[in-house]
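Read through the structure below, which is laid out as structure tokens, and then see the notes.
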Amino acid sequence: MSSEEILHQDFIRTIIDEDLKSGKHDKIVTRFPPEPNGYLHIGHAKSICLNFGISKEHADARCHLRFDDTNPSKEEQEYVNAIQEDVRWLGFDWGEHLYYASDYFDRIYEYAEHLIQQGKAFVCDLSAAEMREYRGTLTEAGKNSPFRERSPEENLDLFRRMRDGEFADGSRVLRAKIDMSSGNINMRDPVLYRILRASHHRTGDKWCIYPMYDFTHPISDAQEGITHSLCTLEFADHRPLYDWTLDNLPAPCHPRQIEFARLNLNYTVVSKRKLLQLVNDGFVSGWNDPRMPTISGIRRRGYPAAAIRSFCDKIGIAKNESTVDVALLEHCVREELNETAPRVMGVLEPLKVVITNFPENKELELSAQNHPQKPELGTRPLHFTRELYIEKSDFMEEPPNKFFRLGPGREVRFRYAFFITCNEVIKDESTGEVIELRCTYDPETLGGSAPDGRKVKGTIHWVSANHSVKAEVRLYDRLFTEENPGADKEGADFKSFVNPESLTILTDCCVENSLNTADPGSQFQFERQGYFCVDQLDSKPNALVFNRTVTLRDTWAKVQNR
RNA sequence: UGGGGCGUCGUCAAGCGGUAAGACACAAGACUUUGACUCUUGCAUUCGUAGGUUCGAAUCCUGCCGCCCCAGCCA
């Protein structure tokens, strides 16, 4: 939590501070402008934290949420709703400032006519293919369109008829008249309006022409009084057009566009197109599959919003192309959950233990702390009985050096209970698998320490056979086996790098009784194992489903792997 | 061969002419009724590279090298 208070300075905030200091602006206005054609992902979170974050750092500032809905053929109301939910969940609030680029369609249209009247835009009849030819290449200048010199009167007439639906889709466009020989292809008479007969989710069938992003965005920003228009690096080439547009229109103000590097994460893909493929091809269960880097997936996985904010703060804002290590994201998640998640015991792969010197019908109530570092979070009762379950991996018949857990003849501590000694190992006769341990407990060690001062190196978790409930636990691992799955190396498709072990479902788990009534979405630390949350969609009392959010750090596993 | 952007530790990232912050990762150790947490320590004589300017350069200048983006009537 204190990590969120440490605000990292970056080049954008420096510019903003200077603009405030010089008096260029006395109030900062930013905006987050998603296109409602997909779900938000961790990359968007970076932009959200930047834009909304800046607005929170200045008393008078605000940040608008604006849907960039200029292409009705790709956009849907479903996404509009999901995006709002995600931004809110991340902890941000746009107040009254919810806008749609489509709110400005009338104004944008007027501005287009203004450009035509100034002789700075023309209607072009070239087909898409012809226009591509005329555009030239990266190294060769383009050629002027044969329609470039139409009179303002003719252009105005044609443009109005475009609006009125007289022409077929794609038959004509409105173009800015800038410079076909520019080294910047965006300045080679870019298209401003296209004819597109598609129903818009907001404006319905009012329009059959729609403005392009490059024309819409600067106008929308200016309309809202945005001071700093922050976007990703690939839009740097569009800045001259952004500026040209506002310079040639009677716009109320001229926001400054500043570009920063988008977020890349190793072992994951962060591209709407690729995420959509994973969903459509059934590699995941949906946009909110807990393995997805979408905000909704992450939320369902159990990542706290505060951890995402902390992560965005830690990665910083710069112009370097960068790929952040997912380990940093996981660190932020553990850091947050360590503070907030109550501790509980759950056995993922149960091995039966019978305490031979403990009476059959006896139940001993013990007390366990909900958070060892936070006594104020209280305690909960635990029941010790003759039959218990421990983790299969906490027993080894032939323990290697430094293995602190249970083995034949060994004594360990059962957390919050007693010292237990393993006396007998029972195996399945046909498979040889260990199926039960016969142990004794030392009643003198109640609470976990021995009056005679003897020490025990290992402490393991356990659950009472008749004070636990069965649960399904979904173990998640990284979705890709390759560090950079999107790299297309040797022509391999990124989908061929999907980790076949990214999901392991365990159906035979036993968790403390108290979890039966836990709220969907609530988060716990299963001691010694990791952080888990109650699945929002699939979990029901007596049919519990937990998602493993992230494991605990495991130095023992590291030692073993050496 | 056009235009734009970028090169500081394994990964992010400060630094803005005065002698390389911090975080993650990694390593070693302490503590521990979670092999968790926490704590301590270590981890760039060097900033893509070659020159130049300067008492002094990651910071200024020049050349070179490398990487990313742009030829949608997508955003």
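Quick note on naming: the chains in the structure tokens go A, B, ... in the order shown, residues restart at 1 in each chain, and ligands are numbered from 1 in order of appearance.
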For A:Cys124, list every protein, DNA or RNA residue within 9 Å, evaluated using only C-alpha atoms (C1' of nucleotides), and leave out those in the same chain fewer than 2 positions away; present the list as a PDB file with N, CA and C atoms, in the first residue's frame.
ATOM      1  N   PHE A 122     -10.701  17.140 -50.300  1.00  0.00           N
ATOM      2  CA  PHE A 122     -11.393  16.878 -51.575  1.00  0.00           C
ATOM      3  C   PHE A 122     -11.982  15.482 -51.595  1.00  0.00           C
ATOM      4  N   LEU A 126     -11.022   7.550 -56.489  1.00  0.00           N
ATOM      5  CA  LEU A 126     -10.128   6.413 -56.707  1.00  0.00           C
ATOM      6  C   LEU A 126     -10.601   5.199 -55.905  1.00  0.00           C
ATOM      7  N   SER A 127     -10.423   4.015 -56.499  1.00  0.00           N
ATOM      8  CA  SER A 127     -10.766   2.795 -55.752  1.00  0.00           C
ATOM      9  C   SER A 127      -9.666   2.574 -54.716  1.00  0.00           C
ATOM     10  N   SER A 145      -3.825  12.562 -56.719  1.00  0.00           N
ATOM     11  CA  SER A 145      -5.046  11.963 -57.254  1.00  0.00           C
ATOM     12  C   SER A 145      -5.563  12.851 -58.384  1.00  0.00           C
ATOM     13  N   PRO A 146      -6.095  12.236 -59.452  1.00  0.00           N
ATOM     14  CA  PRO A 146      -6.670  13.040 -60.540  1.00  0.00           C
ATOM     15  C   PRO A 146      -7.857  13.886 -60.062  1.00  0.00           C
ATOM     16  N   PHE A 147      -8.379  13.565 -58.892  1.00  0.00           N
ATOM     17  CA  PHE A 147      -9.550  14.316 -58.390  1.00  0.00           C
ATOM     18  C   PHE A 147      -9.161  15.417 -57.413  1.00  0.00           C
ATOM     19  N   ARG A 148      -7.858  15.580 -57.260  1.00  0.00           N
ATOM     20  CA  ARG A 148      -7.345  16.479 -56.232  1.00  0.00           C
ATOM     21  C   ARG A 148      -7.717  17.946 -56.453  1.00  0.00           C
ATOM     22  N   ASN A 155     -16.662  19.689 -54.490  1.00  0.00           N
ATOM     23  CA  ASN A 155     -16.352  18.822 -53.357  1.00  0.00           C
ATOM     24  C   ASN A 155     -17.469  18.842 -52.313  1.00  0.00           C
ATOM     25  N   SER A 171     -17.077   3.730 -52.711  1.00  0.00           N
ATOM     26  CA  SER A 171     -16.918   4.328 -54.042  1.00  0.00           C
ATOM     27  C   SER A 171     -16.190   5.675 -53.995  1.00  0.00           C
ATOM     28  N   ARG A 172     -16.308   6.372 -52.902  1.00  0.00           N
ATOM     29  CA  ARG A 172     -15.623   7.654 -52.770  1.00  0.00           C
ATOM     30  C   ARG A 172     -15.186   7.872 -51.326  1.00  0.00           C
ATOM     31  N   VAL A 173     -14.188   8.709 -51.165  1.00  0.00           N
ATOM     32  CA  VAL A 173     -13.787   9.099 -49.808  1.00  0.00           C
ATOM     33  C   VAL A 173     -13.508  10.592 -49.789  1.00  0.00           C
ATOM     34  N   LEU A 174     -13.484  11.141 -48.592  1.00  0.00           N
ATOM     35  CA  LEU A 174     -13.030  12.525 -48.449  1.00  0.00           C
ATOM     36  C   LEU A 174     -11.584  12.448 -47.981  1.00  0.00           C
ATOM     37  N   ARG A 175     -10.728  13.210 -48.647  1.00  0.00           N
ATOM     38  CA  ARG A 175      -9.312  13.188 -48.294  1.00  0.00           C
ATOM     39  C   ARG A 175      -8.793  14.574 -47.949  1.00  0.00           C
TER      40      ARG A 175
END
What lies within 6 Å of stretch 303-320 of chain A using only C-alpha atoms (C1' of nucleotides), ignoring chain neighbours under 3 positions off, as a VMD selection string?
(chain A and resid 4 10 46 90 260 to 261 298 to 299 329 332 to 333 336) or (chain B and resid 6 12)
Enumerate as an NGL selection string all residues of stretch 317-450 of chain A assigned to helix (DSSP H, G or I) by DSSP on the backbone, naming them with the chain letters and numbers the document uses.
:A and (326-340 or 375-377 or 392-394 or 443-445)
Write the selection just made, keeping N, CA and C atoms, as a compact mmCIF listing (two decimals), in the first residue's frame?
# COMPACT_ATOMS: atom_id res chain seq x y z
N VAL A 326 7.25 -11.28 -16.35
CA VAL A 326 6.02 -11.57 -15.59
C VAL A 326 6.31 -11.78 -14.12
N ALA A 327 7.56 -12.13 -13.80
CA ALA A 327 7.91 -12.33 -12.39
C ALA A 327 7.65 -11.05 -11.59
N LEU A 328 7.76 -9.90 -12.24
CA LEU A 328 7.50 -8.65 -11.53
C LEU A 328 6.01 -8.52 -11.22
N LEU A 329 5.19 -8.92 -12.18
CA LEU A 329 3.73 -8.88 -11.97
C LEU A 329 3.38 -9.81 -10.80
N GLU A 330 3.96 -11.01 -10.84
CA GLU A 330 3.68 -11.98 -9.79
C GLU A 330 4.18 -11.49 -8.43
N HIS A 331 5.29 -10.82 -8.45
CA HIS A 331 5.80 -10.23 -7.21
C HIS A 331 4.79 -9.25 -6.62
N CYS A 332 4.24 -8.41 -7.48
CA CYS A 332 3.26 -7.41 -7.03
C CYS A 332 2.01 -8.10 -6.46
N VAL A 333 1.62 -9.18 -7.08
CA VAL A 333 0.44 -9.92 -6.62
C VAL A 333 0.71 -10.52 -5.23
N ARG A 334 1.88 -11.14 -5.07
CA ARG A 334 2.22 -11.73 -3.77
C ARG A 334 2.36 -10.66 -2.69
N GLU A 335 2.96 -9.56 -3.08
CA GLU A 335 3.18 -8.46 -2.13
C GLU A 335 1.84 -7.98 -1.57
N GLU A 336 0.86 -7.86 -2.45
CA GLU A 336 -0.45 -7.38 -2.03
C GLU A 336 -1.20 -8.45 -1.23
N LEU A 337 -1.22 -9.65 -1.77
CA LEU A 337 -1.98 -10.72 -1.12
C LEU A 337 -1.37 -11.13 0.22
N ASN A 338 -0.06 -11.00 0.34
CA ASN A 338 0.57 -11.31 1.62
C ASN A 338 0.00 -10.43 2.71
N GLU A 339 -0.33 -9.19 2.35
CA GLU A 339 -0.90 -8.25 3.31
C GLU A 339 -2.36 -8.56 3.61
N THR A 340 -3.09 -8.92 2.59
CA THR A 340 -4.55 -8.94 2.72
C THR A 340 -5.21 -10.32 2.85
N PRO A 375 -2.23 -10.11 14.16
CA PRO A 375 -3.07 -10.73 15.19
C PRO A 375 -4.48 -10.14 15.21
N GLU A 376 -4.62 -8.90 14.75
CA GLU A 376 -5.93 -8.25 14.76
C GLU A 376 -6.91 -8.94 13.82
N LEU A 377 -6.40 -9.78 12.93
CA LEU A 377 -7.31 -10.51 12.05
C LEU A 377 -7.91 -11.74 12.73
N LYS A 392 0.40 -35.22 -0.20
CA LYS A 392 1.23 -36.36 -0.66
C LYS A 392 2.70 -35.98 -0.73
N SER A 393 2.94 -34.77 -1.21
CA SER A 393 4.34 -34.37 -1.41
C SER A 393 5.06 -34.06 -0.10
N ASP A 394 4.34 -34.11 1.02
CA ASP A 394 4.99 -33.86 2.30
C ASP A 394 5.49 -35.15 2.95
N PRO A 443 1.10 -35.77 22.88
CA PRO A 443 0.15 -34.85 23.51
C PRO A 443 0.84 -33.69 24.23
N GLU A 444 2.10 -33.90 24.59
CA GLU A 444 2.84 -32.84 25.30
C GLU A 444 3.17 -31.66 24.38
N THR A 445 3.05 -31.87 23.09
CA THR A 445 3.49 -30.83 22.15
C THR A 445 2.33 -29.99 21.63
Would you mind writing down, as a PyMOL selection string, each residue of stretch 168-389 of chain A that DSSP on the backbone assigns to strand (DSSP E)?
chain A and resi 173-176+191-195+209-211+228-232+256-260+263-265+322-324+343-344+346-347+350-355+364-369+379-384+387-389
Residue selection dump (N, CA and C atoms) as a short mmCIF file (atom, residue, chain, number, x, y, z; two decimals), in the first residue's frame:
data_model
loop_
_atom_site.label_atom_id
_atom_site.label_comp_id
_atom_site.auth_asym_id
_atom_site.auth_seq_id
_atom_site.Cartn_x
_atom_site.Cartn_y
_atom_site.Cartn_z
N VAL A 173 -14.19 8.71 -51.16
CA VAL A 173 -13.79 9.10 -49.81
C VAL A 173 -13.51 10.59 -49.79
N LEU A 174 -13.48 11.14 -48.59
CA LEU A 174 -13.03 12.52 -48.45
C LEU A 174 -11.58 12.45 -47.98
N ARG A 175 -10.73 13.21 -48.65
CA ARG A 175 -9.31 13.19 -48.29
C ARG A 175 -8.79 14.57 -47.95
N ALA A 176 -7.83 14.62 -47.06
CA ALA A 176 -7.16 15.88 -46.76
C ALA A 176 -6.18 16.16 -47.89
N VAL A 191 -7.15 9.71 -45.90
CA VAL A 191 -8.60 9.63 -45.94
C VAL A 191 -9.17 10.18 -44.62
N LEU A 192 -10.19 11.01 -44.76
CA LEU A 192 -10.83 11.60 -43.58
C LEU A 192 -12.19 10.94 -43.31
N TYR A 193 -12.88 10.62 -44.40
CA TYR A 193 -14.22 10.03 -44.28
C TYR A 193 -14.38 8.90 -45.28
N ARG A 194 -15.06 7.85 -44.88
CA ARG A 194 -15.37 6.79 -45.83
C ARG A 194 -16.86 6.51 -45.78
N ILE A 195 -17.38 5.92 -46.87
CA ILE A 195 -18.79 5.55 -46.91
C ILE A 195 -18.92 4.14 -46.36
N ILE A 209 -21.70 7.71 -43.60
CA ILE A 209 -20.27 8.03 -43.74
C ILE A 209 -19.72 8.16 -42.32
N TYR A 210 -18.53 7.68 -42.14
CA TYR A 210 -17.90 7.72 -40.82
C TYR A 210 -16.49 8.28 -40.91
N PRO A 211 -16.13 9.13 -39.95
CA PRO A 211 -14.80 9.74 -39.97
C PRO A 211 -13.73 8.72 -39.54
N HIS A 228 -3.31 16.95 -22.54
CA HIS A 228 -2.23 16.04 -22.93
C HIS A 228 -2.85 14.74 -23.43
N SER A 229 -2.62 14.44 -24.68
CA SER A 229 -3.21 13.29 -25.32
C SER A 229 -2.14 12.20 -25.41
N LEU A 230 -2.22 11.24 -24.49
CA LEU A 230 -1.16 10.25 -24.37
C LEU A 230 -1.51 8.98 -25.12
N CYS A 231 -0.58 8.53 -25.93
CA CYS A 231 -0.83 7.33 -26.73
C CYS A 231 0.46 6.55 -26.90
N THR A 232 0.35 5.41 -27.57
CA THR A 232 1.54 4.57 -27.71
C THR A 232 2.39 4.98 -28.92
N ARG A 256 -1.63 18.47 -26.68
CA ARG A 256 -0.33 17.98 -27.08
C ARG A 256 -0.33 16.45 -27.02
N GLN A 257 -0.03 15.84 -28.16
CA GLN A 257 0.06 14.38 -28.18
C GLN A 257 1.46 13.96 -27.74
N ILE A 258 1.52 13.01 -26.82
CA ILE A 258 2.81 12.49 -26.37
C ILE A 258 2.74 10.97 -26.41
N GLU A 259 3.78 10.37 -26.97
CA GLU A 259 3.77 8.91 -27.11
C GLU A 259 4.68 8.23 -26.09
N PHE A 260 4.26 7.06 -25.64
CA PHE A 260 5.09 6.26 -24.73
C PHE A 260 5.03 4.80 -25.20
N LEU A 263 3.15 -1.77 -23.27
CA LEU A 263 3.66 -2.84 -22.40
C LEU A 263 3.74 -4.17 -23.13
N ASN A 264 4.87 -4.83 -22.99
CA ASN A 264 4.99 -6.21 -23.43
C ASN A 264 5.35 -7.03 -22.20
N LEU A 265 4.85 -8.23 -22.13
CA LEU A 265 5.13 -9.11 -21.00
C LEU A 265 5.67 -10.42 -21.57
N SER A 322 10.03 -2.25 -24.49
CA SER A 322 10.48 -3.08 -23.38
C SER A 322 9.57 -4.27 -23.18
N THR A 323 10.15 -5.31 -22.65
CA THR A 323 9.40 -6.49 -22.31
C THR A 323 9.61 -6.76 -20.83
N VAL A 324 8.55 -6.60 -20.08
CA VAL A 324 8.66 -6.75 -18.63
C VAL A 324 8.54 -8.23 -18.27
N ARG A 343 -5.03 -16.59 6.10
CA ARG A 343 -4.39 -17.87 5.91
C ARG A 343 -5.33 -19.00 6.29
N VAL A 344 -5.17 -20.12 5.61
CA VAL A 344 -6.09 -21.21 5.76
C VAL A 344 -5.31 -22.46 5.36
N GLY A 346 -5.34 -26.07 3.22
CA GLY A 346 -6.01 -26.85 2.19
C GLY A 346 -5.04 -27.90 1.69
N VAL A 347 -5.53 -29.11 1.53
CA VAL A 347 -4.68 -30.18 1.04
C VAL A 347 -5.07 -30.48 -0.40
N PRO A 350 -4.45 -35.26 -1.27
CA PRO A 350 -4.52 -35.81 0.08
C PRO A 350 -3.87 -37.19 0.24
N LEU A 351 -3.22 -37.34 1.37
CA LEU A 351 -2.69 -38.65 1.79
C LEU A 351 -3.24 -38.85 3.20
N LYS A 352 -3.89 -39.96 3.38
CA LYS A 352 -4.55 -40.24 4.66
C LYS A 352 -3.53 -40.53 5.76
N VAL A 353 -3.80 -39.94 6.93
CA VAL A 353 -2.95 -40.17 8.10
C VAL A 353 -3.85 -40.61 9.25
N VAL A 354 -3.49 -41.70 9.89
CA VAL A 354 -4.26 -42.14 11.06
C VAL A 354 -3.37 -41.99 12.29
N ILE A 355 -3.88 -41.26 13.26
CA ILE A 355 -3.14 -41.05 14.51
C ILE A 355 -3.54 -42.19 15.45
N LEU A 364 -10.50 -32.62 19.04
CA LEU A 364 -9.84 -31.62 19.87
C LEU A 364 -9.86 -30.29 19.15
N GLU A 365 -10.45 -29.28 19.79
CA GLU A 365 -10.50 -27.98 19.13
C GLU A 365 -9.23 -27.19 19.39
N LEU A 366 -8.62 -26.75 18.32
CA LEU A 366 -7.39 -25.98 18.41
C LEU A 366 -7.66 -24.59 17.85
N SER A 367 -6.71 -23.72 18.01
CA SER A 367 -6.90 -22.37 17.50
C SER A 367 -5.78 -22.02 16.52
N ALA A 368 -6.16 -21.44 15.39
CA ALA A 368 -5.17 -21.05 14.38
C ALA A 368 -5.29 -19.58 14.07
N GLN A 369 -4.17 -18.96 13.84
CA GLN A 369 -4.19 -17.53 13.51
C GLN A 369 -4.58 -17.32 12.05
N THR A 379 -8.48 -15.31 15.11
CA THR A 379 -8.16 -16.73 15.01
C THR A 379 -9.39 -17.50 14.55
N ARG A 380 -9.19 -18.75 14.24
CA ARG A 380 -10.30 -19.61 13.85
C ARG A 380 -10.06 -20.97 14.50
N PRO A 381 -11.13 -21.72 14.76
CA PRO A 381 -10.94 -23.04 15.36
C PRO A 381 -10.56 -24.07 14.30
N LEU A 382 -9.77 -25.02 14.75
CA LEU A 382 -9.35 -26.13 13.90
C LEU A 382 -9.65 -27.39 14.69
N HIS A 383 -9.98 -28.48 14.03
CA HIS A 383 -10.31 -29.70 14.76
C HIS A 383 -9.31 -30.80 14.46
N PHE A 384 -8.74 -31.32 15.54
CA PHE A 384 -7.77 -32.41 15.41
C PHE A 384 -8.51 -33.70 15.69
N GLU A 387 -8.38 -39.26 12.15
CA GLU A 387 -8.06 -39.34 10.73
C GLU A 387 -7.86 -37.95 10.13
N LEU A 388 -6.73 -37.82 9.48
CA LEU A 388 -6.37 -36.52 8.89
C LEU A 388 -5.88 -36.73 7.47
N TYR A 389 -5.73 -35.59 6.77
CA TYR A 389 -5.08 -35.67 5.46
C TYR A 389 -3.91 -34.71 5.45
#
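Nearest residue to chain A, choosing from B:A25, B:A20, B:C9, B:C64 and counting only C-alpha atoms (C1' of nucleotides): B:A25.
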Selection near A:His217, 12 Å with only C-alpha atoms (C1' of nucleotides), sequence-local residues under 6 positions removed, as a ChimeraX atom specification:
/A:31-35,66-70,100-102,104-105,108,192,211,223-224,226,229-231,235,238-239,241-243,245-246,254-255,257 /B:75
message = Let me make sure I understand: among B:U33, B:U40, B:U49, B:U11, which one has the smallest atom-to-atom distance to B:C65 if we use only C-alpha atoms (C1' of nucleotides)?
response =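 Checking each of B:U33, B:U40, B:U49, B:U11 against B:C65, counting only C-alpha atoms (C1' of nucleotides), the winner is B:U49.
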Neighbouring residues of A:Glu527 were defined as those with any atom within 10 Å, considering only C-alpha atoms (C1' of nucleotides); residues of the same chain fewer than 3 positions away were excluded. Please report them as a list in words.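 The residues that qualify are Pro342, Arg343, Val344, Met345, Gly346, Val347, Arg415, Ile460, His461, Trp462, Phe524, Gly530, Tyr531 and Leu552 of chain A; U34 and A36 of chain B.
Near B:G2, within 7 Å and counting only C-alpha atoms (C1' of nucleotides), sit Leu138, Thr139, Glu140 and Gly183 of chain A; same-chain residues fewer than 6 positions away were not included.
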Query raised in the report: Please, what distance in Å, to one decimal, runs between atom C1' of B:U32 and atom CA of A:Lys457?
Result: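 Between atom C1' of B:U32 and atom CA of A:Lys457 the gap is 10.6 Å.
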Between atom CA of A:Thr268 and atom CA of A:Gln525, what is the distance, to one decimal in Å?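 Spanning atom CA of A:Thr268 to atom CA of A:Gln525 is a straight-line distance of 25.1 Å.
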Among A:Ser220, A:Gly43, A:Asp17, A:Gly91, A:Arg107 is approached most closely, using only C-alpha atoms, by A:Ser220
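Separating atom CA of A:Gly432 from atom CA of A:Glu397 is a distance of 11.6 Å.
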* Can you list, as a VMD selection string, every protein, DNA or RNA residue that comes within 12 Å of A:Asp60 when you count only C-alpha atoms (C1' of nucleotides), leaving out same-chain residues fewer than 2 positions away? -> chain A and resid 20 25 to 30 54 to 58 62 to 63
